[in-house]
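Peer 1: Okay, handing you the structure first.
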2 protein chains.
Amino acid sequence: MAAEKWVLMVTAQTPTNIAVIKYWGKRDETLILPVNDSISVTLDPDHLCTTTTVAVSPSFDQDRMWLNGKEISLGGGRYQNCLKEIRSRACDVEDTEKGIKIEKKDWQKLHLHIASFNNFPTAAGLASSAAGFACLVFSLAKLMNLKENQSQLSAIARQGSGSACRSLFGGFVKWILGKEGNGSDSLAVQLVDEEHWNDLVIIIAVVSSRQKETSSTTGMRESVETSLLLQHRAKEVVPKRIVQMEEAIQNHDFSSFAQLTCADSNQFHAVCLDTSPPIFYMNDTSHRIISYVERWNRSVGSPQVCSFFAALSGRCYEFCDLKHIFVLSILSASARENSYISFP
Amino acid sequence: MAAEKWVLMVTAQTPTNIAVIKYWGKRDETLILPVNDSISVTLDPDHLCTTTTVAVSPSFDQDRMWLNGKEISLGGGRYQNCLKEIRSRACDVEDTEKGIKIEKKDWQKLHLHIASFNNFPTAAGLASSAAGFACLVFSLAKLMNLKENQSQLSAIARQGSGSACRSLFGGFVKWILGKEGNGSDSLAVQLVDEEHWNDLVIIIAVVSSRQKETSSTTGMRESVETSLLLQHRAKEVVPKRIVQMEEAIQNHDFSSFAQLTCADSNQFHAVCLDTSPPIFYMNDTSHRIISYVERWNRSVGSPQVCSFFAALSGRCYEFCDLKHIFVLSILSASARENSYISFP
């Protein structure tokens, strides 16, 4: 190893993603294995993304992390699992210019500093943990020279936050639920890239500025334990919808895409309502928007116009906790390297 | 038959009822046959009821009906089915005092005048059609001297409005879905009478003064056609809940009763949400009340206190369209004869 003064850094940027066939319910809480496949669309990182810089130095005496400039604990199982998985796959790294050489075995002793920023509100229903864990895993994988491909990395990100596995790719992404008990085949694959359907637009309409009352983790657990509809949805409904959705995406069939997206979003909220105590992620404004979209779609025959609003309706179910209304033009870019933030 | 000037009248009063295990979805639209059993509690007719006077006279030249003082058409299939079923079962009637004698066969030619009043808003989510058709069938059965018992009459009332069959009894009532294609075994039976659980109180909290946007008839049809959860609910969930609910009622087990009532109400609304287009019968105020009730129930161990509020929560899901908040003390009285209204 080189002199003790060096710092090696990598910065990456990862977008958030929104499910069009929903992930709701885990079959394994620790490994974060879902009860059904899901499909998402990755947003443009210019609009919603996490930027993370990871650094390693022999002068660091412990792992530390800052989120939006504030130090947070890395003690939680989810962070620890991700760090452990990545360290165990770390490889030799050499920076001849800086005269740094790190051997595979050194990574077990070296400590990390991690700084992460979201360009959108955290815990506001915008999947900040998805973007966050995807970016953490991706940047650490770059830093530690992992040989794994994006899908293999997605299985690590999944252990931080389930939907994070889908943020490792752009375009439309499927999270395959997998069969293995250890979760090794529960990972994300890209269905089509961000160029495939580039006239699709997503609007985020903000219907409340309040934080959601039930976290996804708690909500999912209670749904799995108490909803008598969840398993039926997971086993009987979703598998067919996944096939139909893949077909709709491949064929640019907006009409089917919109119908499936709305139906699946509504069913996810139905399962939340069937949970005890019931979970409400929609409010009167969401209901009104959905009704407007339904009426609009019925009155206009053209998928060109439907498209805009049905996509809106799909989103509105999700994004209910921000302060401003803004428009996202979908969708591009998988995780990519970048550098514009610095450590606090 | 006697002189042509006579008029024979009967007046009856019938309460409305509220399902604690919900009826949502028909397997036969014309006969009004449900996809699952349901259980309801009949309200005190002193609070919510329909009062109907039926009259027959040789001087009437057509069947006519007034609802809340305004003439309405009897041309609809539901009224026609009820009138046909009752006329076909009519028997000889003799009023020696008035010197009136009507023979069985005369009923096919004699015309009826019907006047009906609700002491609560019509089409406001308070099951006015349940009370209305139950009262119509009951008063006509008295007028025409039918020999059928209440359960057999309930199968006729069912053809006017499904839930009407449950208003022929007081206390807790089960509507058995039945197996026969002609609907003859789809009828109501009393589980326990109004004395059985007389310390149970129902509160109706009014959360909106607007009429509901989707009628039950339309909503049910769309749920049956589009919800992928409805059949699972009807076939797998409800049958078990019916058994548990009957047990809870028999044992005055308020804790189970409250849990089942809330869970089934939520699941009914979940199926509505899973319908395309989705149906919303709850609003933000309903959500808040449910959340308060949930928190109250969790913080207090005593079923005595729970009782009051969990019953409230069950009701709030239903009663969302009235102008005032009022409190109903449950629950008594099957259909009973009375006379306090007169024809317009």
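Numbering starts fresh at 1 for the residues of each chain in the structure tokens, the chains themselves are lettered A, B, ... in the order given, and ligands are numbered from 1 as they appear.
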Just list the residues in range 98-155 of chain B DSSP gives helix (DSSP H, G or I) on the backbone, as an MDAnalysis selection string.

Peer 2: chainID B and resid 104:108 128:143 150:155

Peer 1: Those residues you just picked out, can you put them in a file as a tab-separated table (two decimals), in the first residue's frame with N, CA, C and O atoms?

Peer 2:
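After the write, selection.tsv holds the following:
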chain	number	residue	atom	x	y	z
B	104	LYS	N	-108.91	-14.30	-4.85
B	104	LYS	CA	-107.55	-14.51	-5.35
B	104	LYS	C	-107.37	-13.99	-6.78
B	104	LYS	O	-106.48	-13.21	-7.08
B	105	LYS	N	-108.27	-14.41	-7.67
B	105	LYS	CA	-108.12	-14.07	-9.09
B	105	LYS	C	-108.33	-12.57	-9.38
B	105	LYS	O	-107.82	-12.03	-10.35
B	106	ASP	N	-109.07	-11.89	-8.46
B	106	ASP	CA	-109.34	-10.46	-8.68
B	106	ASP	C	-108.07	-9.62	-8.66
B	106	ASP	O	-108.00	-8.55	-9.27
B	107	TRP	N	-107.05	-10.06	-7.88
B	107	TRP	CA	-105.82	-9.27	-7.71
B	107	TRP	C	-105.10	-9.01	-9.03
B	107	TRP	O	-104.35	-8.04	-9.15
B	108	GLN	N	-105.32	-9.89	-10.00
B	108	GLN	CA	-104.66	-9.68	-11.30
B	108	GLN	C	-105.23	-8.47	-12.03
B	108	GLN	O	-104.55	-7.88	-12.87
B	128	SER	N	-81.73	3.45	1.44
B	128	SER	CA	-83.15	3.78	1.34
B	128	SER	C	-83.89	2.74	0.50
B	128	SER	O	-85.06	2.43	0.76
B	129	SER	N	-83.23	2.18	-0.52
B	129	SER	CA	-83.92	1.19	-1.35
B	129	SER	C	-84.13	-0.11	-0.58
B	129	SER	O	-85.10	-0.82	-0.81
B	130	ALA	N	-83.23	-0.41	0.36
B	130	ALA	CA	-83.41	-1.61	1.20
B	130	ALA	C	-84.68	-1.48	2.02
B	130	ALA	O	-85.56	-2.34	1.99
B	131	ALA	N	-84.78	-0.36	2.76
B	131	ALA	CA	-85.97	-0.16	3.56
B	131	ALA	C	-87.20	-0.04	2.66
B	131	ALA	O	-88.27	-0.59	2.97
B	132	GLY	N	-87.06	0.64	1.54
B	132	GLY	CA	-88.18	0.90	0.65
B	132	GLY	C	-88.80	-0.36	0.07
B	132	GLY	O	-90.01	-0.58	0.15
B	133	PHE	N	-87.97	-1.22	-0.52
B	133	PHE	CA	-88.52	-2.44	-1.13
B	133	PHE	C	-89.00	-3.43	-0.08
B	133	PHE	O	-89.97	-4.15	-0.30
B	134	ALA	N	-88.32	-3.47	1.07
B	134	ALA	CA	-88.80	-4.35	2.13
B	134	ALA	C	-90.20	-3.92	2.57
B	134	ALA	O	-91.10	-4.75	2.76
B	135	CYS	N	-90.38	-2.62	2.68
B	135	CYS	CA	-91.66	-2.10	3.15
B	135	CYS	C	-92.75	-2.30	2.11
B	135	CYS	O	-93.90	-2.63	2.44
B	136	LEU	N	-92.38	-2.10	0.85
B	136	LEU	CA	-93.34	-2.31	-0.25
B	136	LEU	C	-93.84	-3.74	-0.25
B	136	LEU	O	-95.06	-4.01	-0.28
B	137	VAL	N	-92.90	-4.68	-0.19
B	137	VAL	CA	-93.26	-6.09	-0.24
B	137	VAL	C	-94.07	-6.49	0.99
B	137	VAL	O	-95.09	-7.17	0.90
B	138	PHE	N	-93.63	-6.00	2.14
B	138	PHE	CA	-94.31	-6.37	3.38
B	138	PHE	C	-95.74	-5.84	3.41
B	138	PHE	O	-96.69	-6.56	3.77
B	139	SER	N	-95.93	-4.58	3.02
B	139	SER	CA	-97.27	-3.99	3.09
B	139	SER	C	-98.20	-4.62	2.04
B	139	SER	O	-99.37	-4.89	2.33
B	140	LEU	N	-97.67	-4.89	0.86
B	140	LEU	CA	-98.48	-5.55	-0.16
B	140	LEU	C	-98.85	-6.98	0.26
B	140	LEU	O	-99.97	-7.44	0.01
B	141	ALA	N	-97.89	-7.64	0.92
B	141	ALA	CA	-98.17	-9.00	1.38
B	141	ALA	C	-99.30	-9.01	2.41
B	141	ALA	O	-100.15	-9.90	2.43
B	142	LYS	N	-99.31	-7.98	3.27
B	142	LYS	CA	-100.40	-7.86	4.24
B	142	LYS	C	-101.72	-7.57	3.52
B	142	LYS	O	-102.76	-8.18	3.80
B	143	LEU	N	-101.67	-6.62	2.60
B	143	LEU	CA	-102.88	-6.22	1.88
B	143	LEU	C	-103.50	-7.41	1.14
B	143	LEU	O	-104.71	-7.61	1.16
B	150	GLN	N	-91.66	-14.58	6.59
B	150	GLN	CA	-90.77	-13.44	6.33
B	150	GLN	C	-89.61	-13.81	5.39
B	150	GLN	O	-89.22	-13.02	4.55
B	151	SER	N	-89.05	-14.99	5.57
B	151	SER	CA	-87.94	-15.40	4.71
B	151	SER	C	-88.38	-15.52	3.26
B	151	SER	O	-87.67	-15.11	2.34
B	152	GLN	N	-89.57	-16.10	3.08
B	152	GLN	CA	-90.06	-16.23	1.71
B	152	GLN	C	-90.37	-14.85	1.12
B	152	GLN	O	-90.09	-14.60	-0.05
B	153	LEU	N	-90.90	-13.96	1.94
B	153	LEU	CA	-91.12	-12.58	1.45
B	153	LEU	C	-89.78	-11.91	1.13
B	153	LEU	O	-89.68	-11.12	0.19
B	154	SER	N	-88.75	-12.24	1.92
B	154	SER	CA	-87.44	-11.59	1.69
B	154	SER	C	-86.90	-11.91	0.31
B	154	SER	O	-86.23	-11.09	-0.31
B	155	ALA	N	-87.22	-13.12	-0.20
B	155	ALA	CA	-86.77	-13.49	-1.54
B	155	ALA	C	-87.47	-12.65	-2.61
B	155	ALA	O	-86.94	-12.48	-3.71

Peer 1: Near range 212-223 of chain B, within 6 Å and counting only C-alpha atoms, which residues show up once chain neighbours fewer than 2 positions away are dropped, as a PDB file with all heavy atoms, in the first residue's frame?

Peer 2:
ATOM      1  N   TRP B  24     -71.336  -7.254  -2.043  1.00  0.00           N
ATOM      2  CA  TRP B  24     -70.827  -6.433  -3.148  1.00  0.00           C
ATOM      3  C   TRP B  24     -70.585  -7.334  -4.356  1.00  0.00           C
ATOM      4  O   TRP B  24     -69.594  -8.058  -4.397  1.00  0.00           O
ATOM      5  CB  TRP B  24     -69.551  -5.677  -2.757  1.00  0.00           C
ATOM      6  CG  TRP B  24     -69.211  -4.600  -3.751  1.00  0.00           C
ATOM      7  CD1 TRP B  24     -68.193  -4.608  -4.666  1.00  0.00           C
ATOM      8  CD2 TRP B  24     -69.907  -3.367  -3.954  1.00  0.00           C
ATOM      9  NE1 TRP B  24     -68.217  -3.468  -5.420  1.00  0.00           N
ATOM     10  CE2 TRP B  24     -69.266  -2.683  -5.001  1.00  0.00           C
ATOM     11  CE3 TRP B  24     -71.028  -2.770  -3.357  1.00  0.00           C
ATOM     12  CZ2 TRP B  24     -69.693  -1.439  -5.463  1.00  0.00           C
ATOM     13  CZ3 TRP B  24     -71.447  -1.533  -3.810  1.00  0.00           C
ATOM     14  CH2 TRP B  24     -70.782  -0.876  -4.849  1.00  0.00           C
ATOM     15  N   GLY B  25     -71.506  -7.305  -5.281  1.00  0.00           N
ATOM     16  CA  GLY B  25     -71.359  -8.107  -6.493  1.00  0.00           C
ATOM     17  C   GLY B  25     -72.513  -9.080  -6.663  1.00  0.00           C
ATOM     18  O   GLY B  25     -72.857  -9.806  -5.737  1.00  0.00           O
ATOM     19  N   GLU B 225     -67.163  -7.093 -13.195  1.00  0.00           N
ATOM     20  CA  GLU B 225     -66.552  -7.199 -14.527  1.00  0.00           C
ATOM     21  C   GLU B 225     -65.048  -6.952 -14.518  1.00  0.00           C
ATOM     22  O   GLU B 225     -64.329  -7.514 -15.332  1.00  0.00           O
ATOM     23  CB  GLU B 225     -67.217  -6.194 -15.489  1.00  0.00           C
ATOM     24  CG  GLU B 225     -68.599  -6.637 -15.951  1.00  0.00           C
ATOM     25  CD  GLU B 225     -69.359  -5.527 -16.683  1.00  0.00           C
ATOM     26  OE1 GLU B 225     -68.771  -4.446 -16.902  1.00  0.00           O
ATOM     27  OE2 GLU B 225     -70.538  -5.763 -17.026  1.00  0.00           O
ATOM     28  N   THR B 226     -64.556  -6.109 -13.616  1.00  0.00           N
ATOM     29  CA  THR B 226     -63.156  -5.685 -13.747  1.00  0.00           C
ATOM     30  C   THR B 226     -62.244  -6.013 -12.563  1.00  0.00           C
ATOM     31  O   THR B 226     -61.027  -6.073 -12.743  1.00  0.00           O
ATOM     32  CB  THR B 226     -63.061  -4.161 -13.996  1.00  0.00           C
ATOM     33  OG1 THR B 226     -63.552  -3.468 -12.846  1.00  0.00           O
ATOM     34  CG2 THR B 226     -63.875  -3.746 -15.228  1.00  0.00           C
ATOM     35  N   SER B 227     -62.793  -6.173 -11.361  1.00  0.00           N
ATOM     36  CA  SER B 227     -61.891  -6.407 -10.224  1.00  0.00           C
ATOM     37  C   SER B 227     -61.367  -7.834 -10.238  1.00  0.00           C
ATOM     38  O   SER B 227     -62.134  -8.794 -10.329  1.00  0.00           O
ATOM     39  CB  SER B 227     -62.595  -6.143  -8.895  1.00  0.00           C
ATOM     40  OG  SER B 227     -61.784  -6.632  -7.840  1.00  0.00           O
ATOM     41  N   THR B 275     -61.521  -1.766  -8.814  1.00  0.00           N
ATOM     42  CA  THR B 275     -62.447  -1.745  -9.951  1.00  0.00           C
ATOM     43  C   THR B 275     -61.958  -0.737 -10.987  1.00  0.00           C
ATOM     44  O   THR B 275     -61.286   0.217 -10.654  1.00  0.00           O
ATOM     45  CB  THR B 275     -63.844  -1.350  -9.425  1.00  0.00           C
ATOM     46  OG1 THR B 275     -64.253  -2.332  -8.475  1.00  0.00           O
ATOM     47  CG2 THR B 275     -64.861  -1.242 -10.548  1.00  0.00           C
TER      48      THR B 275
END

Peer 1: Have a look at CA of Phe60 in chain B and CA of Leu110 in chain B and let me know their distance in Å, one decimal.

Peer 2: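 Going from CA of Phe60 in chain B over to CA of Leu110 in chain B, I get 7.5 Å.
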
Peer 1: Can you build me a table of chain B residues sitting at most 10 Å from chain A, with the closest atom pair per residue and its distance in Å to one decimal, using only C-alpha atoms, sorted by chain and residue number, as a tab-separated table?

Peer 2:
residue	atom	partner	partner_atom	distance
B:Thr226	CA	A:Ala263	CA	9.3
B:Ser227	CA	A:Gln267	CA	8.7
B:Leu228	CA	A:Val237	CA	7.0
B:Leu229	CA	A:Leu229	CA	6.8
B:Leu230	CA	A:Leu229	CA	9.4
B:His232	CA	A:His232	CA	7.4
B:Arg233	CA	A:Leu229	CA	7.4
B:Glu236	CA	A:Leu228	CA	9.0
B:Val237	CA	A:Leu228	CA	7.0
B:Gln259	CA	A:Ser276	CA	8.9
B:Cys262	CA	A:Ser276	CA	8.6
B:Ala263	CA	A:Ser276	CA	6.9
B:Asp264	CA	A:Asp274	CA	8.3
B:Ser265	CA	A:Asp274	CA	8.9
B:Asn266	CA	A:Asp274	CA	5.5
B:Gln267	CA	A:Asp274	CA	4.9
B:Phe268	CA	A:Asp274	CA	8.4
B:His269	CA	A:Leu273	CA	7.4
B:Ala270	CA	A:Ala270	CA	4.1
B:Val271	CA	A:Ala270	CA	6.6
B:Cys272	CA	A:Ala270	CA	8.0
B:Leu273	CA	A:Ala270	CA	5.6
B:Asp274	CA	A:Gln267	CA	4.9
B:Thr275	CA	A:Ala263	CA	7.8
B:Ser276	CA	A:Ala263	CA	6.9
B:Pro277	CA	A:Glu294	CA	6.7
B:Pro278	CA	A:Asn266	CA	7.2
B:Ile279	CA	A:His287	CA	9.0
B:Phe280	CA	A:His287	CA	7.2
B:Met282	CA	A:Asp284	CA	8.7
B:Asn283	CA	A:Asp284	CA	5.8
B:Asp284	CA	A:Asn283	CA	5.8
B:Thr285	CA	A:Asp284	CA	9.2
B:His287	CA	A:Phe280	CA	7.3
B:Arg288	CA	A:Phe280	CA	9.8
B:Ile290	CA	A:Pro278	CA	8.2
B:Ser291	CA	A:Pro277	CA	8.0
B:Val293	CA	A:Pro277	CA	9.9
B:Glu294	CA	A:Pro277	CA	6.7
B:Arg295	CA	A:Pro277	CA	9.3

Peer 1: Please identify which residues in range 26-248 of chain A DSSP calls strand (DSSP E) from the backbone, and express them as number ranges by chain.

Peer 2: A: 26-28, 33-34, 38-42, 49-57, 64-67, 70-72, 93-95, 100-102, 111-118, 172-175, 188-192, 202-204

Peer 1: Selection from above, C-alpha atoms, as a PDB file, in the first residue's frame, can you write it?

Peer 2:
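That gives us again35.pdb:
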ATOM      1  CA  LYS A  26     -41.634  -9.288   1.156  1.00  0.00           C
ATOM      2  CA  ARG A  27     -41.298 -13.020   1.548  1.00  0.00           C
ATOM      3  CA  ASP A  28     -37.979 -12.487   3.387  1.00  0.00           C
ATOM      4  CA  LEU A  33     -37.060 -10.833  -1.278  1.00  0.00           C
ATOM      5  CA  PRO A  34     -40.400  -9.816  -2.775  1.00  0.00           C
ATOM      6  CA  SER A  38     -42.273  -5.926 -10.498  1.00  0.00           C
ATOM      7  CA  ILE A  39     -41.593  -3.630 -13.442  1.00  0.00           C
ATOM      8  CA  SER A  40     -40.475  -0.036 -13.200  1.00  0.00           C
ATOM      9  CA  VAL A  41     -39.465   2.883 -15.322  1.00  0.00           C
ATOM     10  CA  THR A  42     -36.294   4.743 -14.452  1.00  0.00           C
ATOM     11  CA  CYS A  49     -31.432  11.504  -8.570  1.00  0.00           C
ATOM     12  CA  THR A  50     -29.018  10.732  -5.814  1.00  0.00           C
ATOM     13  CA  THR A  51     -25.377  11.749  -6.140  1.00  0.00           C
ATOM     14  CA  THR A  52     -22.955   9.855  -3.953  1.00  0.00           C
ATOM     15  CA  THR A  53     -19.253  10.213  -3.441  1.00  0.00           C
ATOM     16  CA  VAL A  54     -17.404   7.380  -1.766  1.00  0.00           C
ATOM     17  CA  ALA A  55     -13.860   7.730  -0.532  1.00  0.00           C
ATOM     18  CA  VAL A  56     -11.317   5.413   0.973  1.00  0.00           C
ATOM     19  CA  SER A  57      -8.194   6.379   2.831  1.00  0.00           C
ATOM     20  CA  ARG A  64     -18.976   7.164   8.134  1.00  0.00           C
ATOM     21  CA  MET A  65     -21.818   8.521   6.053  1.00  0.00           C
ATOM     22  CA  TRP A  66     -23.473  11.894   5.462  1.00  0.00           C
ATOM     23  CA  LEU A  67     -26.914  12.200   3.872  1.00  0.00           C
ATOM     24  CA  LYS A  70     -25.959  15.466   7.913  1.00  0.00           C
ATOM     25  CA  GLU A  71     -24.123  12.502   9.390  1.00  0.00           C
ATOM     26  CA  ILE A  72     -26.231   9.379   9.729  1.00  0.00           C
ATOM     27  CA  VAL A  93      -7.076  -1.433  -7.303  1.00  0.00           C
ATOM     28  CA  GLU A  94      -4.101   0.456  -8.671  1.00  0.00           C
ATOM     29  CA  ASP A  95      -3.793   4.170  -9.405  1.00  0.00           C
ATOM     30  CA  ILE A 100      -1.804   4.055  -4.878  1.00  0.00           C
ATOM     31  CA  LYS A 101      -2.116   0.301  -4.760  1.00  0.00           C
ATOM     32  CA  ILE A 102      -4.807  -1.469  -2.796  1.00  0.00           C
ATOM     33  CA  HIS A 111     -12.555   2.498   6.129  1.00  0.00           C
ATOM     34  CA  LEU A 112     -14.954   4.425   3.937  1.00  0.00           C
ATOM     35  CA  HIS A 113     -16.471   7.877   3.945  1.00  0.00           C
ATOM     36  CA  ILE A 114     -19.702   8.262   2.035  1.00  0.00           C
ATOM     37  CA  ALA A 115     -21.497  11.495   1.164  1.00  0.00           C
ATOM     38  CA  SER A 116     -24.864  11.359  -0.503  1.00  0.00           C
ATOM     39  CA  PHE A 117     -27.230  14.060  -1.762  1.00  0.00           C
ATOM     40  CA  ASN A 118     -30.754  13.808  -3.131  1.00  0.00           C
ATOM     41  CA  PHE A 172     -37.837  -0.202 -18.266  1.00  0.00           C
ATOM     42  CA  VAL A 173     -36.568  -2.653 -15.681  1.00  0.00           C
ATOM     43  CA  LYS A 174     -37.910  -5.904 -14.286  1.00  0.00           C
ATOM     44  CA  TRP A 175     -37.115  -7.094 -10.789  1.00  0.00           C
ATOM     45  CA  ALA A 188     -33.040  -6.663 -11.841  1.00  0.00           C
ATOM     46  CA  VAL A 189     -32.788  -6.961 -15.613  1.00  0.00           C
ATOM     47  CA  GLN A 190     -33.280  -4.270 -18.214  1.00  0.00           C
ATOM     48  CA  LEU A 191     -36.282  -4.891 -20.473  1.00  0.00           C
ATOM     49  CA  VAL A 192     -35.626  -2.007 -22.873  1.00  0.00           C
ATOM     50  CA  ILE A 202     -44.254  11.309 -16.777  1.00  0.00           C
ATOM     51  CA  ILE A 203     -45.872  14.045 -14.766  1.00  0.00           C
ATOM     52  CA  ILE A 204     -45.594  14.191 -11.017  1.00  0.00           C
TER      53      ILE A 204
END

Peer 1: So how far away is CA of Lys22 in chain A from CA of Trp197 in chain A, in Å?

Peer 2: 20.1 Å
